[in-house]
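Below is model26.cif, holding mmCIF, C-alpha atoms.
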data_structure
loop_
_atom_site.label_atom_id
_atom_site.label_comp_id
_atom_site.auth_asym_id
_atom_site.auth_seq_id
_atom_site.Cartn_x
_atom_site.Cartn_y
_atom_site.Cartn_z
CA MET V 249 92.79 131.95 66.99
CA GLU V 250 91.55 130.69 70.32
CA TYR V 251 93.72 131.29 73.37
CA LEU V 252 93.97 128.96 76.32
CA GLU V 253 91.79 130.08 79.18
CA LYS V 254 93.46 130.20 82.59
CA GLU V 255 90.45 128.58 84.27
CA LYS V 256 90.91 125.48 82.10
CA THR V 257 94.51 125.07 83.26
CA LEU V 258 93.82 125.04 87.00
CA ILE V 259 92.69 122.14 89.15
CA GLU V 260 89.28 123.06 90.51
CA ARG V 261 89.14 123.99 94.19
CA ASN V 262 86.44 125.11 96.60
CA ALA V 263 86.41 128.46 98.43
CA ASP V 264 88.70 127.00 101.12
CA GLY V 265 91.26 125.95 98.52
CA LYS V 266 90.47 122.22 98.81
CA LEU V 267 90.60 120.15 95.64
CA LEU V 268 87.16 119.25 94.29
CA PRO V 269 86.41 115.61 93.50
CA VAL V 270 85.71 114.60 89.91
CA ASP V 271 83.56 111.70 88.68
CA VAL V 272 85.80 109.16 86.95
CA THR V 273 84.87 105.94 85.17
CA LEU V 274 87.17 103.03 85.94
CA GLU V 275 87.73 102.03 82.31
CA LEU V 276 89.92 99.08 83.30
CA ALA V 277 87.49 97.55 85.82
CA GLU V 278 84.78 95.04 85.01
CA GLY V 279 81.48 96.82 84.47
CA LYS V 280 83.30 100.19 84.29
CA PRO V 281 81.98 101.58 87.60
CA SER V 282 82.50 105.22 88.53
CA VAL V 283 84.24 106.72 91.53
CA GLN V 284 84.92 110.24 92.73
CA MET V 285 88.51 111.32 93.22
CA THR V 286 90.58 114.45 93.46
CA PRO V 287 93.37 114.86 90.92
CA LEU V 288 96.99 114.64 91.97
CA THR V 289 98.84 117.91 92.31
CA LYS V 290 102.34 118.06 90.78
CA GLY V 291 103.83 117.37 94.23
CA ASP V 292 101.53 114.40 94.88
CA LEU V 293 102.30 112.97 91.43
CA GLN V 294 106.03 113.26 92.02
CA GLU V 295 105.68 111.61 95.43
CA LEU V 296 103.53 108.80 94.02
CA LEU V 297 106.11 108.06 91.33
CA SER V 298 109.17 108.32 93.58
CA CYS V 299 107.97 106.84 96.91
CA PRO V 300 106.35 103.43 96.38
CA GLU V 301 105.92 103.02 100.13
CA LYS V 302 103.45 105.96 100.13
CA GLU V 303 101.43 104.73 97.15
CA ASP V 304 98.50 103.28 99.13
CA GLU V 305 98.16 106.41 101.26
CA ILE V 306 98.26 108.75 98.26
CA VAL V 307 95.76 106.73 96.22
CA ARG V 308 93.41 106.28 99.21
CA THR V 309 93.40 109.95 100.18
CA HIS V 310 92.54 111.03 96.63
CA LEU V 311 89.61 108.62 96.45
CA SER V 312 86.51 110.46 97.72
CA ASN V 313 83.65 108.08 96.94
CA PRO V 314 83.86 105.37 97.99
CA ALA V 315 86.00 106.53 100.89
CA TYR V 316 88.08 103.98 102.80
CA THR V 317 89.82 103.93 106.13
CA GLU V 318 93.49 102.99 106.06
CA GLU V 319 92.61 99.52 107.37
CA GLU V 320 89.78 98.95 104.86
CA PHE V 321 91.97 100.02 101.96
CA LYS V 322 94.38 97.17 102.69
CA PHE V 323 91.64 94.78 101.56
CA VAL V 324 90.60 96.40 98.28
CA LYS V 325 90.64 93.78 95.52
CA PRO V 326 93.92 94.01 93.56
CA THR V 327 92.21 94.37 90.18
CA LEU V 328 90.09 97.27 91.46
CA TYR V 329 93.09 98.84 93.16
CA GLY V 330 94.95 98.78 89.84
CA ALA V 331 91.98 100.29 88.02
CA ILE V 332 91.66 103.05 90.66
CA LYS V 333 95.37 103.85 90.47
CA MET V 334 95.33 103.94 86.65
CA ALA V 335 92.26 106.23 86.69
CA LEU V 336 93.95 108.57 89.18
CA LEU V 337 97.12 108.77 87.08
CA SER V 338 95.06 109.19 83.93
CA MET V 339 92.98 112.11 85.20
CA SER V 340 96.04 113.76 86.73
CA THR V 341 98.17 113.57 83.58
CA ASP V 342 95.52 114.01 80.87
CA SER V 343 96.31 110.58 79.46
CA SER V 344 93.96 107.70 78.73
CA GLN V 345 93.72 104.92 81.30
CA LYS V 346 94.71 102.43 78.60
CA ASP V 347 97.86 104.46 77.76
CA ILE V 348 98.80 104.59 81.46
CA GLN V 349 98.27 100.83 81.77
CA ASP V 350 100.30 100.12 78.61
CA SER V 351 103.22 102.28 79.76
CA SER V 352 103.14 100.61 83.20
CA VAL V 353 103.26 97.16 81.62
CA ARG V 354 106.15 98.20 79.35
CA ALA V 355 108.04 99.54 82.38
CA LEU V 356 107.47 96.31 84.31
CA ILE V 357 108.70 94.22 81.37
CA ALA V 358 111.78 96.40 80.93
CA ASP V 359 112.50 96.19 84.67
CA SER V 360 112.15 92.40 84.71
CA LYS V 361 114.49 92.12 81.72
CA LYS V 362 117.12 94.19 83.52
CA LYS V 363 116.87 91.92 86.56
CA SER V 364 117.06 88.73 84.50
CA ILE V 365 120.24 89.77 82.67
CA SER V 366 123.19 88.52 84.60
CA PRO V 367 126.86 88.40 83.70
CA SER V 368 127.99 85.06 82.34
CA ALA V 369 130.15 82.97 84.60
CA ASN V 370 133.48 82.30 82.92
#

So that I can check it, write out the structure of this file as C-alpha cells.
Amino acid sequence: MEYLEKEKTLIERNADGKLLPVDVTLELAEGKPSVQMTPLTKGDLQELLSCPEKEDEIVRTHLSNPAYTEEEFKFVKPTLYGAIKMALLSMSTDSSQKDIQDSSVRALIADSKKKSISPSAN
C-alpha cells in the first residue's frame, strides 16, 4: 500500500512562503500556448467563485508570465482570457480544462433557463 506523501498535497512555495509559478498549457486556446501561473489557494478560489467583481484582479495576479498591468489586462482578448481563467481553475482544482469549461457552460445554460422562465400572465 502506498500512502499519500505530505509534500504532494501542498502548494509549492519558495523560502519566503510565496507561491511558485507553474507552467500551464492553455488547452482551450488556439495553438495551445503555455503560460506561468500560481495556483489559487482555497481562499482565492472561494473569492473568485463568490465575488465576480474581483475576477479580473484575481486571474491577473495569478498569471506570472506573461505578466500584465491592471490597465493592460483590460484589453486581453476574450477567448484568451477565458482560456487563462479555465487553466487557472483547472490547475487549482485538479480538474481538466475541458471539464471546467463544460461545467461552466452547463451553469450558464441553467442560469439562462432560470431567467427565461417567467410566470404566465392570467

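Here CA of Val272 in chain V and CA of Ser340 in chain V stand 11.2 Å from one another.
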
**Message:** Show me, as a count of residues only, the residues that have an atom within 12 Å of range 279-296 of chain V when counting only C-alpha atoms, minus same-chain residues fewer than 4 positions from it.
**Reply:** 46

**Request:** Please indicate the distance in Å from CA of Leu276 in chain V to CA of Ser351 in chain V, rounded to one decimal place.
**Result:**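 CA of Ser351 in chain V lies 14.1 Å from CA of Leu276 in chain V.
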
**Message:** Would you compute the distance between CA of Thr257 in chain V and CA of Lys346 in chain V? Give it in Å to one decimal.
**Reply:** 23.1 Å
